[in-house]
Amino acid sequence: MKMNSNYSKLQGDKGHLVDRLYVHWDVSTQCQLKCDYCYAIKQYEPNGEWGKLDSWARQKLIIYALSRSKLPVFLGFQGGEPTIHPRFFELLELSWNAIEKHDASRLYVTTNSLQTVEFFQNYPRIEHFKNSIKPNGHPKLLFLWSVHFDYIEKYKDFIKKVLIIQEKGYRSKVNVMLHPNPEHWPFIHKIINELMKHDVEMHPHFLYDDGDMHKIHNYTPEFYKEFSYLKEEKLFDSKILYWDKNKTEEANFYTDYEFYNKDLAHFNGWDCFNNNYEINYKGFVQQFCFNISADLTKNFRFFENITEIKPKVCPHNGCYCDGLLKIKKGLKWELKFDLMKYVILIVLIVRICIIIIFLLLN
Ligand code: SF4
């Protein structure tokens with residue numbers, strides 16, 4: 001992909017590949033909790049779809065559709081709480097087998113970590129899954145933990161579970177919800193400190209409103225002041241490039257905190273190499289941000305037919321999900337339009353001159 005020469009502005013995460021599909025699958029809508037900030041509840045509950053699990057036969061059709069992908073897949077299990085799926089380990093094994101043929105494939109499991117310590121102790125070591133470790137030892141399977149406010153009393157258990165899974169060879173990353181309610185702030189500071197002490201990768205997660213990832217929550221200036229230390233890159237798993245070539249030779253790298261605090265997350269009219277898809281609990285797939293969708297239990301070729309990621313023009317005013325922020329984006333040179341005007345003008349002048357010369361000669 002030639003991005004650099006075509007665009008006057010660039011944005012995206014260095015580690016985010018363009019030619020890979022990022023597929024987030026709600027493997028059920030069942031969960032032990034009911035959090036007020038849960039996007040899945042907001043999406044499913046109004047239709048009476050919270051607490052549901054599709055049939056195993058249909059879920060195997062989804063895995064089959066994934067196995068046909070021509071591009072590597074970064075597959076995520078979401079929900080609900082994936083680990084309480086009644087056939088969780090089978091689901092994990094079959095899904096990994098379906099995508100592991102591509103070296104750049106990855107699989108992550110989100111969890112609220114409410115499963116018992118024994119559950120995580122009995123979890124298979126990463127070597128159990130074929131091709132799950134790169135030659136440099138980098139794990140291809142990971143856990144994305146969410147810290148919930150129910151842990152105020154039991155946060156040590158939470159850390160213990162994260163460390164057990166890391167010891168088994170998986171990569172772990174903790175999503176720390178940045179709740180706007182100041183009552184939760186002492187706990188958020190505490191958990192960030194604990195995770196730093198244990199050198200656990202984390203991602204402080206900004207919330208968006210009404211389950212709409214184009215509508216960030218309107219955080220107060222007090223919030224930004226309170227969490228100003230989140231500017232530090234070491235607190236985030238990624239740094240996001242923002243490069244305005246009209247203004248600077250050097251690209252800037254920002255954390256999510258700076259992006260939102262500086263109000264930079266607007267890409268309306270930019271080319272977006274969006275490669276993120278969501279599969280709902282019934283097997284219906286939709287591309288994030290666009291009206292492209294299919295029923296995977298009938299259309300097995302949906303992923304197979306995506307052979308390259310072509311840019312689409314962003315129609316939205318806000319890009320407020322940390323996953324979407326990582327996608328590569330570029331704004332075409334405005335100069336090109338100016339040049340076009342000059343070219344049209346010159347062609348017109350030449351034509352007029354030819355007509356005048358022609359008239360004079362006759
Ligand atoms: S809102 Fe969606 S389409 Fe727009 S830039 Fe972000 S990811 Fe791309």
# chains A, B, ... in the order shown; residues from 1 in each chain; ligands from 1

$ select_by_dssp --residues "segment 132-241 of chain A" --states "helix (DSSP H, G or I)" --output "ChimeraX atom specification"
/A:149-152,155-167,182-197,209-211,221-226,228-231,233-235

$ write_last_selection --atoms "N, CA and C atoms" --output "short mmCIF file (atom, residue, chain, number, x, y, z; two decimals), in the first residue's frame"
data_model
loop_
_atom_site.label_atom_id
_atom_site.label_comp_id
_atom_site.auth_asym_id
_atom_site.auth_seq_id
_atom_site.Cartn_x
_atom_site.Cartn_y
_atom_site.Cartn_z
N PHE A 149 -15.43 -2.54 38.32
CA PHE A 149 -15.41 -1.87 39.62
C PHE A 149 -15.80 -2.80 40.75
N ASP A 150 -16.31 -3.98 40.40
CA ASP A 150 -16.60 -5.01 41.41
C ASP A 150 -15.30 -5.48 42.08
N TYR A 151 -14.15 -5.14 41.49
CA TYR A 151 -12.88 -5.64 42.01
C TYR A 151 -12.28 -4.80 43.11
N ILE A 152 -12.97 -3.75 43.52
CA ILE A 152 -12.38 -2.85 44.49
C ILE A 152 -11.84 -3.66 45.68
N TYR A 155 -9.05 -6.79 44.02
CA TYR A 155 -8.18 -6.52 42.88
C TYR A 155 -6.93 -7.39 42.89
N LYS A 156 -6.52 -7.87 44.10
CA LYS A 156 -5.33 -8.72 44.16
C LYS A 156 -5.57 -10.04 43.45
N ASP A 157 -6.80 -10.55 43.57
CA ASP A 157 -7.18 -11.77 42.84
C ASP A 157 -7.10 -11.54 41.35
N PHE A 158 -7.57 -10.36 40.95
CA PHE A 158 -7.56 -10.01 39.53
C PHE A 158 -6.13 -10.06 38.98
N ILE A 159 -5.21 -9.39 39.71
CA ILE A 159 -3.81 -9.35 39.27
C ILE A 159 -3.24 -10.78 39.22
N LYS A 160 -3.62 -11.57 40.23
CA LYS A 160 -3.12 -12.95 40.30
C LYS A 160 -3.52 -13.73 39.04
N LYS A 161 -4.78 -13.57 38.60
CA LYS A 161 -5.25 -14.29 37.42
C LYS A 161 -4.49 -13.84 36.17
N VAL A 162 -4.26 -12.54 36.07
CA VAL A 162 -3.52 -12.01 34.91
C VAL A 162 -2.12 -12.63 34.88
N LEU A 163 -1.47 -12.70 36.04
CA LEU A 163 -0.10 -13.22 36.09
C LEU A 163 -0.07 -14.72 35.79
N ILE A 164 -1.10 -15.46 36.22
CA ILE A 164 -1.16 -16.90 35.92
C ILE A 164 -1.19 -17.11 34.41
N ILE A 165 -2.01 -16.33 33.73
CA ILE A 165 -2.15 -16.48 32.28
C ILE A 165 -0.87 -16.04 31.56
N GLN A 166 -0.22 -14.99 32.05
CA GLN A 166 1.05 -14.57 31.44
C GLN A 166 2.09 -15.67 31.58
N GLU A 167 2.09 -16.30 32.76
CA GLU A 167 3.07 -17.36 33.02
C GLU A 167 2.85 -18.54 32.08
N PRO A 182 -16.34 10.64 39.19
CA PRO A 182 -15.17 10.80 40.08
C PRO A 182 -15.13 9.79 41.22
N GLU A 183 -16.28 9.21 41.59
CA GLU A 183 -16.28 8.19 42.65
C GLU A 183 -15.37 7.01 42.31
N HIS A 184 -15.25 6.72 41.01
CA HIS A 184 -14.45 5.56 40.58
C HIS A 184 -12.97 5.90 40.41
N TRP A 185 -12.61 7.18 40.45
CA TRP A 185 -11.25 7.56 40.09
C TRP A 185 -10.18 6.98 41.02
N PRO A 186 -10.40 6.98 42.35
CA PRO A 186 -9.34 6.41 43.20
C PRO A 186 -9.02 4.96 42.83
N PHE A 187 -10.07 4.18 42.51
CA PHE A 187 -9.82 2.78 42.13
C PHE A 187 -9.06 2.69 40.80
N ILE A 188 -9.41 3.57 39.87
CA ILE A 188 -8.73 3.54 38.56
C ILE A 188 -7.24 3.84 38.76
N HIS A 189 -6.93 4.86 39.59
CA HIS A 189 -5.51 5.17 39.85
C HIS A 189 -4.82 3.97 40.48
N LYS A 190 -5.52 3.34 41.41
CA LYS A 190 -4.92 2.23 42.15
C LYS A 190 -4.59 1.07 41.20
N ILE A 191 -5.53 0.73 40.35
CA ILE A 191 -5.32 -0.43 39.48
C ILE A 191 -4.22 -0.11 38.45
N ILE A 192 -4.17 1.13 37.96
CA ILE A 192 -3.10 1.49 37.01
C ILE A 192 -1.74 1.34 37.70
N ASN A 193 -1.65 1.80 38.94
CA ASN A 193 -0.39 1.66 39.70
C ASN A 193 0.00 0.21 39.89
N GLU A 194 -0.98 -0.62 40.25
CA GLU A 194 -0.69 -2.05 40.48
C GLU A 194 -0.20 -2.71 39.19
N LEU A 195 -0.87 -2.39 38.08
CA LEU A 195 -0.49 -3.00 36.81
C LEU A 195 0.92 -2.57 36.42
N MET A 196 1.25 -1.30 36.70
CA MET A 196 2.60 -0.82 36.40
C MET A 196 3.63 -1.56 37.23
N LYS A 197 3.30 -1.77 38.50
CA LYS A 197 4.24 -2.47 39.40
C LYS A 197 4.57 -3.85 38.86
N ASP A 209 -20.48 7.19 24.06
CA ASP A 209 -21.85 7.26 24.58
C ASP A 209 -22.83 6.43 23.77
N ASP A 210 -23.86 5.92 24.45
CA ASP A 210 -24.98 5.19 23.81
C ASP A 210 -24.51 4.04 22.94
N GLY A 211 -23.36 3.46 23.26
CA GLY A 211 -22.84 2.36 22.44
C GLY A 211 -22.48 2.81 21.03
N PRO A 221 -13.15 18.86 32.00
CA PRO A 221 -11.75 19.30 32.14
C PRO A 221 -11.12 18.72 33.41
N GLU A 222 -11.93 18.52 34.47
CA GLU A 222 -11.41 17.94 35.72
C GLU A 222 -10.90 16.52 35.47
N PHE A 223 -11.63 15.79 34.62
CA PHE A 223 -11.20 14.43 34.30
C PHE A 223 -9.83 14.47 33.65
N TYR A 224 -9.68 15.35 32.63
CA TYR A 224 -8.40 15.40 31.90
C TYR A 224 -7.26 15.83 32.83
N LYS A 225 -7.61 16.72 33.79
CA LYS A 225 -6.58 17.16 34.74
C LYS A 225 -6.19 15.99 35.65
N GLU A 226 -7.20 15.33 36.15
CA GLU A 226 -6.97 14.21 37.08
C GLU A 226 -6.11 13.11 36.44
N SER A 228 -3.99 13.44 33.78
CA SER A 228 -3.03 14.01 32.83
C SER A 228 -1.80 13.11 32.67
N TYR A 229 -1.54 12.26 33.66
CA TYR A 229 -0.37 11.37 33.52
C TYR A 229 -0.57 10.33 32.41
N LEU A 230 -1.80 10.23 31.88
CA LEU A 230 -2.04 9.27 30.79
C LEU A 230 -1.43 9.74 29.47
N LYS A 231 -0.81 10.92 29.50
CA LYS A 231 -0.08 11.35 28.31
C LYS A 231 1.11 10.45 28.07
N GLU A 233 3.48 7.62 27.26
CA GLU A 233 3.31 6.50 26.33
C GLU A 233 3.38 5.16 27.02
N LYS A 234 4.19 5.06 28.07
CA LYS A 234 4.37 3.74 28.68
C LYS A 234 3.07 3.18 29.27
N LEU A 235 2.06 4.04 29.43
CA LEU A 235 0.80 3.56 29.99
C LEU A 235 -0.12 2.98 28.92
#

$ residues_near_ligand --ligand "ligand 1" --cutoff "8 Å" --atoms "only C-alpha atoms and all ligand atoms" --output "PyMOL selection string"
chain A and resi 213-214+265-268+270-274+288-290+312-320+324-325+327+329

$ atom_distance --atom1 "atom CA of Leu107 of chain A" --atom2 "atom CA of Leu141 of chain A"
5.0 Å

$ select_by_dssp --residues "segment 2-226 of chain A" --states "strand (DSSP E or B)" --output "ChimeraX atom specification"
/A:7-13,21-26,73-78,106-111,133,139,141-147,171-177,201-205,208,216

$ residues_around --residues "Thr111 of chain A" --least-positions-apart "6" --cutoff "7 Å" --atoms "only C-alpha atoms" --output "PyMOL selection string"
chain A and resi 81-83+144-146

$ closest_residue --among "A:Val174, A:Leu264, A:Leu241, A:Ile346" --to "Met202 of chain A" --atoms "only C-alpha atoms"
A:Val174

$ atom_distance --atom1 "atom CA of His217 of chain A" --atom2 "atom CA of Phe74 of chain A"
27.3 Å

$ closest_residue --among "A:Thr255, A:Gln43, A:Asn299, A:Asn291" --to "Lys326 of chain A" --atoms "only C-alpha atoms"
A:Thr255

$ residues_around --residues "Phe302 of chain A" --least-positions-apart "2" --cutoff "12 Å" --atoms "only C-alpha atoms" --output "VMD selection string"
chain A and resid 21 62 64 to 71 277 279 283 to 287 292 to 300 304 to 307

$ write_last_selection --atoms "N, CA and C atoms" --output "PDB file, in the first residue's frame"
ATOM      1  N   LEU A  21      -7.557  -8.886   8.564  1.00  0.00           N
ATOM      2  CA  LEU A  21      -8.932  -8.600   8.994  1.00  0.00           C
ATOM      3  C   LEU A  21      -8.987  -8.626  10.517  1.00  0.00           C
ATOM      4  N   ILE A  62     -19.858 -20.340  11.293  1.00  0.00           N
ATOM      5  CA  ILE A  62     -19.114 -19.067  11.347  1.00  0.00           C
ATOM      6  C   ILE A  62     -17.610 -19.363  11.303  1.00  0.00           C
ATOM      7  N   TYR A  64     -16.247 -21.891   9.970  1.00  0.00           N
ATOM      8  CA  TYR A  64     -15.949 -22.320   8.601  1.00  0.00           C
ATOM      9  C   TYR A  64     -15.749 -21.090   7.691  1.00  0.00           C
ATOM     10  N   ALA A  65     -16.635 -20.110   7.844  1.00  0.00           N
ATOM     11  CA  ALA A  65     -16.511 -18.884   7.022  1.00  0.00           C
ATOM     12  C   ALA A  65     -15.178 -18.187   7.314  1.00  0.00           C
ATOM     13  N   LEU A  66     -14.768 -18.184   8.568  1.00  0.00           N
ATOM     14  CA  LEU A  66     -13.484 -17.562   8.929  1.00  0.00           C
ATOM     15  C   LEU A  66     -12.314 -18.333   8.308  1.00  0.00           C
ATOM     16  N   SER A  67     -12.449 -19.646   8.269  1.00  0.00           N
ATOM     17  CA  SER A  67     -11.348 -20.480   7.766  1.00  0.00           C
ATOM     18  C   SER A  67     -11.086 -20.216   6.287  1.00  0.00           C
ATOM     19  N   ARG A  68     -12.071 -19.647   5.586  1.00  0.00           N
ATOM     20  CA  ARG A  68     -11.911 -19.412   4.148  1.00  0.00           C
ATOM     21  C   ARG A  68     -11.242 -18.065   3.850  1.00  0.00           C
ATOM     22  N   SER A  69     -10.940 -17.300   4.882  1.00  0.00           N
ATOM     23  CA  SER A  69     -10.361 -15.969   4.644  1.00  0.00           C
ATOM     24  C   SER A  69      -9.027 -16.077   3.904  1.00  0.00           C
ATOM     25  N   LYS A  70      -8.877 -15.230   2.904  1.00  0.00           N
ATOM     26  CA  LYS A  70      -7.617 -15.183   2.147  1.00  0.00           C
ATOM     27  C   LYS A  70      -6.572 -14.334   2.880  1.00  0.00           C
ATOM     28  N   LEU A  71      -7.050 -13.462   3.756  1.00  0.00           N
ATOM     29  CA  LEU A  71      -6.140 -12.601   4.510  1.00  0.00           C
ATOM     30  C   LEU A  71      -6.006 -13.144   5.933  1.00  0.00           C
ATOM     31  N   TYR A 277     -14.330  -5.778  11.487  1.00  0.00           N
ATOM     32  CA  TYR A 277     -15.658  -6.389  11.304  1.00  0.00           C
ATOM     33  C   TYR A 277     -16.167  -6.896  12.644  1.00  0.00           C
ATOM     34  N   ILE A 279     -18.941  -9.616  14.298  1.00  0.00           N
ATOM     35  CA  ILE A 279     -19.922 -10.695  14.085  1.00  0.00           C
ATOM     36  C   ILE A 279     -20.818 -10.699  15.318  1.00  0.00           C
ATOM     37  N   GLY A 283     -24.386 -14.585  14.168  1.00  0.00           N
ATOM     38  CA  GLY A 283     -23.616 -14.874  12.953  1.00  0.00           C
ATOM     39  C   GLY A 283     -23.770 -13.845  11.857  1.00  0.00           C
ATOM     40  N   PHE A 284     -24.284 -12.684  12.218  1.00  0.00           N
ATOM     41  CA  PHE A 284     -24.465 -11.614  11.245  1.00  0.00           C
ATOM     42  C   PHE A 284     -23.224 -10.718  11.300  1.00  0.00           C
ATOM     43  N   VAL A 285     -22.515 -10.587  10.180  1.00  0.00           N
ATOM     44  CA  VAL A 285     -21.276  -9.803  10.187  1.00  0.00           C
ATOM     45  C   VAL A 285     -21.527  -8.421   9.592  1.00  0.00           C
ATOM     46  N   GLN A 286     -20.859  -7.430  10.163  1.00  0.00           N
ATOM     47  CA  GLN A 286     -20.999  -6.061   9.658  1.00  0.00           C
ATOM     48  C   GLN A 286     -19.635  -5.379   9.710  1.00  0.00           C
ATOM     49  N   GLN A 287     -19.319  -4.637   8.650  1.00  0.00           N
ATOM     50  CA  GLN A 287     -18.080  -3.861   8.718  1.00  0.00           C
ATOM     51  C   GLN A 287     -18.328  -2.637   9.592  1.00  0.00           C
ATOM     52  N   ILE A 292     -22.029  -2.531   5.313  1.00  0.00           N
ATOM     53  CA  ILE A 292     -21.684  -3.746   4.570  1.00  0.00           C
ATOM     54  C   ILE A 292     -21.899  -4.897   5.530  1.00  0.00           C
ATOM     55  N   SER A 293     -22.785  -5.814   5.163  1.00  0.00           N
ATOM     56  CA  SER A 293     -23.115  -6.861   6.124  1.00  0.00           C
ATOM     57  C   SER A 293     -23.524  -8.135   5.412  1.00  0.00           C
ATOM     58  N   ALA A 294     -23.551  -9.228   6.161  1.00  0.00           N
ATOM     59  CA  ALA A 294     -23.950 -10.528   5.589  1.00  0.00           C
ATOM     60  C   ALA A 294     -24.254 -11.490   6.725  1.00  0.00           C
ATOM     61  N   ASP A 295     -25.015 -12.530   6.389  1.00  0.00           N
ATOM     62  CA  ASP A 295     -25.273 -13.611   7.343  1.00  0.00           C
ATOM     63  C   ASP A 295     -24.233 -14.703   7.064  1.00  0.00           C
ATOM     64  N   LEU A 296     -23.280 -14.848   7.982  1.00  0.00           N
ATOM     65  CA  LEU A 296     -22.184 -15.790   7.733  1.00  0.00           C
ATOM     66  C   LEU A 296     -22.641 -17.244   7.707  1.00  0.00           C
ATOM     67  N   THR A 297     -23.803 -17.518   8.294  1.00  0.00           N
ATOM     68  CA  THR A 297     -24.268 -18.905   8.273  1.00  0.00           C
ATOM     69  C   THR A 297     -24.810 -19.274   6.892  1.00  0.00           C
ATOM     70  N   LYS A 298     -24.959 -18.254   6.030  1.00  0.00           N
ATOM     71  CA  LYS A 298     -25.411 -18.540   4.654  1.00  0.00           C
ATOM     72  C   LYS A 298     -24.345 -18.142   3.643  1.00  0.00           C
ATOM     73  N   ASN A 299     -23.637 -17.070   3.940  1.00  0.00           N
ATOM     74  CA  ASN A 299     -22.624 -16.576   3.006  1.00  0.00           C
ATOM     75  C   ASN A 299     -21.231 -16.948   3.522  1.00  0.00           C
ATOM     76  N   PHE A 300     -20.783 -18.161   3.184  1.00  0.00           N
ATOM     77  CA  PHE A 300     -19.476 -18.626   3.670  1.00  0.00           C
ATOM     78  C   PHE A 300     -18.324 -17.882   3.017  1.00  0.00           C
ATOM     79  N   GLU A 304     -13.695 -14.677   2.397  1.00  0.00           N
ATOM     80  CA  GLU A 304     -12.888 -15.158   1.264  1.00  0.00           C
ATOM     81  C   GLU A 304     -12.834 -14.111   0.149  1.00  0.00           C
ATOM     82  N   ASN A 305     -13.944 -13.394  -0.009  1.00  0.00           N
ATOM     83  CA  ASN A 305     -14.023 -12.417  -1.102  1.00  0.00           C
ATOM     84  C   ASN A 305     -13.247 -11.132  -0.824  1.00  0.00           C
ATOM     85  N   ILE A 306     -12.760 -10.964   0.399  1.00  0.00           N
ATOM     86  CA  ILE A 306     -11.969  -9.741   0.694  1.00  0.00           C
ATOM     87  C   ILE A 306     -10.506 -10.081   0.439  1.00  0.00           C
ATOM     88  N   THR A 307      -9.997  -9.676  -0.703  1.00  0.00           N
ATOM     89  CA  THR A 307      -8.620 -10.054  -1.036  1.00  0.00           C
ATOM     90  C   THR A 307      -7.633  -8.912  -0.792  1.00  0.00           C
TER      91      THR A 307
END

$ residues_around --residues "Tyr44 of chain A" --least-positions-apart "5" --cutoff "8 Å" --atoms "only C-alpha atoms" --output "NGL selection string"
:A and (29 or 49-50)

$ write_last_selection --atoms "N, CA and C atoms" --output "JSON list (two decimals), in the first residue's frame"
[["chain", "number", "residue", "atom", "x", "y", "z"],
["A", 29, "THR", "N", -24.28, -13.63, 24.26],
["A", 29, "THR", "CA", -24.56, -12.37, 24.97],
["A", 29, "THR", "C", -24.85, -12.69, 26.44],
["A", 49, "GLU", "N", -32.23, -9.36, 23.17],
["A", 49, "GLU", "CA", -31.22, -10.34, 22.76],
["A", 49, "GLU", "C", -30.09, -10.48, 23.77],
["A", 50, "TRP", "N", -30.28, -9.98, 24.97],
["A", 50, "TRP", "CA", -29.24, -10.12, 26.00],
["A", 50, "TRP", "C", -29.44, -11.47, 26.71]]

$ closest_residue --among "A:Ile216, A:Ile84, A:Leu33, A:Ile133" --to "Pro180 of chain A" --atoms "only C-alpha atoms"
A:Ile216
